[in-house]
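Participant: I have a structure I would like to understand better, so I am pasting it below and will then ask my questions one at a time.
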Amino acid sequence: MENASANNMWGDYLKNHLEDVFHESPKTECFCDNEKDANECAALAKKGIKKATSHSLLGLQYRNEPLPKIGDFLVVTNWKGEAQCIVQTTAVKLKPFFSIDESYAQLEGEGDKSLAYWKKVHWDYFTRELEPFGRVPRESMIIVCEEFEKVF
């Protein structure tokens, strides 16, 4: 973790959670791929409204990123990289895009929390994400559904 605000937040968290002191340092990242959405999603996570995030399995594979694991910590930042909160992964499920349901869309907490909103913004995001690899999203593509809770 090279981010000073994230290091400070993780240190503040550990002061009251000594049981996690030997846990590997958390990843630090913002949600989304643009400033408006990143700041909005960070604020939703900080308020405890956003309780999930979605990755395309293909995108993770192309970027050589590991699957999230239950127990992982993440320091959520805004677009500028300023730490906003710490979340911990509570569930990871792999589902085809077409099988995402209303209850999961509500967990993501974005927009009007509807499935229609979730599908539109995520389809657009996955389109931008996969484009550099010459791929396009499909209804059958596998989505990594990561659920979390705010811990700090």
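Ligands are numbered from 1 in the order shown, residues from 1 within each chain, and chains are lettered A, B, ... in the order they appear in the structure tokens.
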As a list in words, please: the residues near A:Asp33 (cut-off 9 Å, only C-alpha atoms, same-chain neighbours under 6 positions excluded).

Facilitator: Trp79, Tyr125, Arg128 and Glu129 of chain A

Participant: Atoms to include: all heavy atoms. Write the selected residues as a tab-separated table (two decimals), in the first residue's frame.

Facilitator:
chain	number	residue	atom	x	y	z
A	79	TRP	N	-12.01	8.99	-6.39
A	79	TRP	CA	-11.25	9.03	-7.65
A	79	TRP	C	-9.83	9.56	-7.44
A	79	TRP	O	-8.89	9.16	-8.11
A	79	TRP	CB	-12.01	9.86	-8.66
A	79	TRP	CG	-11.41	9.84	-10.04
A	79	TRP	CD1	-10.74	10.85	-10.65
A	79	TRP	CD2	-11.42	8.75	-10.97
A	79	TRP	NE1	-10.34	10.47	-11.91
A	79	TRP	CE2	-10.75	9.18	-12.13
A	79	TRP	CE3	-11.94	7.46	-10.93
A	79	TRP	CZ2	-10.58	8.36	-13.25
A	79	TRP	CZ3	-11.77	6.64	-12.05
A	79	TRP	CH2	-11.09	7.10	-13.18
A	125	TYR	N	-20.13	-0.63	-18.49
A	125	TYR	CA	-18.80	-0.73	-17.87
A	125	TYR	C	-18.03	-1.91	-18.45
A	125	TYR	O	-16.86	-1.79	-18.82
A	125	TYR	CB	-18.94	-0.87	-16.34
A	125	TYR	CG	-17.62	-1.19	-15.69
A	125	TYR	CD1	-16.67	-0.19	-15.48
A	125	TYR	CD2	-17.30	-2.49	-15.32
A	125	TYR	CE1	-15.44	-0.48	-14.90
A	125	TYR	CE2	-16.08	-2.79	-14.75
A	125	TYR	CZ	-15.15	-1.79	-14.54
A	125	TYR	OH	-13.94	-2.08	-13.99
A	128	ARG	N	-16.64	-1.22	-21.85
A	128	ARG	CA	-15.39	-0.41	-21.81
A	128	ARG	C	-14.22	-1.23	-21.28
A	128	ARG	O	-13.09	-1.14	-21.79
A	128	ARG	CB	-15.60	0.82	-20.92
A	128	ARG	CG	-16.59	1.82	-21.46
A	128	ARG	CD	-16.60	3.12	-20.66
A	128	ARG	NE	-16.85	2.98	-19.25
A	128	ARG	CZ	-18.07	2.95	-18.67
A	128	ARG	NH1	-19.16	3.05	-19.42
A	128	ARG	NH2	-18.19	2.84	-17.35
A	129	GLU	N	-14.48	-2.06	-20.29
A	129	GLU	CA	-13.42	-2.87	-19.67
A	129	GLU	C	-12.82	-3.88	-20.65
A	129	GLU	O	-11.60	-4.07	-20.68
A	129	GLU	CB	-14.00	-3.60	-18.45
A	129	GLU	CG	-13.00	-4.52	-17.78
A	129	GLU	CD	-13.64	-5.50	-16.81
A	129	GLU	OE1	-14.78	-5.98	-17.07
A	129	GLU	OE2	-13.01	-5.79	-15.79

Participant: For a quick check of understanding, using only C-alpha atoms, which of A:Lys120, A:Lys36, A:Lys113, A:Arg138 has the smallest distance to A:Lys51?

Facilitator: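 Ranking A:Lys120, A:Lys36, A:Lys113, A:Arg138 by distance to A:Lys51, first place goes to A:Lys113.
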
Participant: Quick one: residues within 7 Å of stretch 89-101 of chain A, only C-alpha atoms, excluding same-chain residues fewer than 4 positions away - as a list in words?

Facilitator: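 Using only C-alpha atoms, the neighbours found are Pro68, Lys69, Ile70, Gly71, Asp72, Phe73, Ala105, Leu115, Glu139, Ser140, Met141, Ile142, Ile143, Val144, Cys145, Glu146, Glu147, Phe148 and Glu149 of chain A.
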
Participant: Using DSSP on the backbone coordinates, identify all residues within stretch 24-134 of chain A classified as strand (DSSP E or B); present the result as a list in words.

Facilitator: Lys27, Thr28, Glu29, Ala52, Thr53, Ser54, His55, Ser56, Phe73, Leu74, Val75, Val76, Thr77, Ala83, Gln84, Cys85, Ile86, Val87, Gln88, Thr89, Thr90, Ala91, Val92, Lys93, Leu94, Lys95 and Pro96 of chain A

Participant: Could the residues in this selection be saved with N, CA and C atoms as a CSV table (one decimal), in the first residue's frame?

Facilitator:
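Below is the file that was written, part-v3.csv:
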chain,number,residue,atom,x,y,z
A,27,LYS,N,-5.9,-4.3,-0.3
A,27,LYS,CA,-5.9,-3.6,-1.6
A,27,LYS,C,-6.5,-2.2,-1.4
A,28,THR,N,-6.0,-1.3,-2.2
A,28,THR,CA,-6.6,0.1,-2.1
A,28,THR,C,-7.0,0.4,-3.5
A,29,GLU,N,-8.3,0.7,-3.7
A,29,GLU,CA,-8.8,1.0,-5.0
A,29,GLU,C,-10.1,1.7,-4.9
A,52,ALA,N,-22.0,-4.4,-2.2
A,52,ALA,CA,-21.5,-5.4,-3.2
A,52,ALA,C,-20.9,-4.7,-4.4
A,53,THR,N,-20.0,-5.4,-5.1
A,53,THR,CA,-19.4,-4.9,-6.3
A,53,THR,C,-19.3,-6.1,-7.3
A,54,SER,N,-19.2,-5.8,-8.5
A,54,SER,CA,-19.2,-6.8,-9.6
A,54,SER,C,-18.0,-6.7,-10.5
A,55,HIS,N,-17.4,-7.8,-10.7
A,55,HIS,CA,-16.2,-7.9,-11.7
A,55,HIS,C,-16.6,-8.8,-12.8
A,56,SER,N,-16.1,-8.6,-14.0
A,56,SER,CA,-16.2,-9.6,-15.0
A,56,SER,C,-15.0,-10.6,-14.8
A,73,PHE,N,-9.8,-7.6,2.9
A,73,PHE,CA,-10.1,-6.2,3.2
A,73,PHE,C,-9.8,-5.4,1.9
A,74,LEU,N,-10.6,-4.3,1.8
A,74,LEU,CA,-10.3,-3.3,0.7
A,74,LEU,C,-10.5,-1.9,1.3
A,75,VAL,N,-9.5,-1.1,1.1
A,75,VAL,CA,-9.6,0.3,1.4
A,75,VAL,C,-10.2,1.0,0.2
A,76,VAL,N,-11.4,1.5,0.3
A,76,VAL,CA,-12.2,2.1,-0.8
A,76,VAL,C,-11.7,3.6,-0.8
A,77,THR,N,-11.3,4.0,-2.0
A,77,THR,CA,-10.9,5.4,-2.2
A,77,THR,C,-11.9,6.1,-3.1
A,83,ALA,N,-8.6,7.8,0.9
A,83,ALA,CA,-9.3,6.7,1.6
A,83,ALA,C,-10.7,7.2,2.1
A,84,GLN,N,-11.7,6.4,1.9
A,84,GLN,CA,-13.1,6.8,2.4
A,84,GLN,C,-13.6,5.8,3.4
A,85,CYS,N,-13.3,4.5,3.3
A,85,CYS,CA,-13.7,3.5,4.3
A,85,CYS,C,-13.0,2.2,4.0
A,86,ILE,N,-13.2,1.2,4.9
A,86,ILE,CA,-12.6,-0.1,4.7
A,86,ILE,C,-13.8,-1.1,4.7
A,87,VAL,N,-13.8,-2.0,3.7
A,87,VAL,CA,-14.8,-3.0,3.6
A,87,VAL,C,-14.1,-4.4,3.7
A,88,GLN,N,-14.9,-5.4,4.1
A,88,GLN,CA,-14.4,-6.7,4.2
A,88,GLN,C,-15.3,-7.6,3.4
A,89,THR,N,-14.8,-8.5,2.5
A,89,THR,CA,-15.5,-9.4,1.7
A,89,THR,C,-16.2,-10.5,2.6
A,90,THR,N,-17.5,-10.6,2.4
A,90,THR,CA,-18.3,-11.6,3.1
A,90,THR,C,-18.8,-12.8,2.3
A,91,ALA,N,-18.9,-12.6,0.9
A,91,ALA,CA,-19.3,-13.6,0.0
A,91,ALA,C,-18.8,-13.3,-1.4
A,92,VAL,N,-18.5,-14.4,-2.1
A,92,VAL,CA,-18.1,-14.3,-3.5
A,92,VAL,C,-18.8,-15.4,-4.3
A,93,LYS,N,-19.6,-15.0,-5.3
A,93,LYS,CA,-20.4,-15.9,-6.1
A,93,LYS,C,-20.1,-15.7,-7.5
A,94,LEU,N,-20.0,-16.7,-8.3
A,94,LEU,CA,-19.8,-16.6,-9.8
A,94,LEU,C,-21.1,-16.9,-10.4
A,95,LYS,N,-21.7,-15.9,-11.2
A,95,LYS,CA,-23.0,-16.1,-11.9
A,95,LYS,C,-22.9,-15.6,-13.3
A,96,PRO,N,-23.6,-16.2,-14.2
A,96,PRO,CA,-23.7,-15.6,-15.5
A,96,PRO,C,-24.5,-14.2,-15.4

Participant: So how far away is atom CA of A:Asn39 from atom CA of A:Asn78, in Å?

Facilitator: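 Calculated distance between atom CA of A:Asn78 and atom CA of A:Asn39 is 4.8 Å.
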
Participant: Write out as an NGL selection string which residues come within 10 Å of stretch 131-134 of chain A when counting only C-alpha atoms, dropping same-chain ones fewer than 5 positions away.

Facilitator: :A and (58-59 or 62-63 or 126)

Participant: Find the residue from A:Trp10, A:Trp118, A:Ala42, A:Lys80 that sits nearest to A:Ser103; use only C-alpha atoms when measuring.

Facilitator: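 Answer, going by the shortest atom-to-atom distance: A:Trp118.
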
Participant: How would you write, as a list in words, the set of residues in stretch 80-114 of chain A that DSSP gives as helix (DSSP H, G or I)?

Facilitator: Phe97, Phe98, Ser99, Glu102, Ser103, Tyr104, Ala105, Gln106, Leu107 and Glu108 of chain A
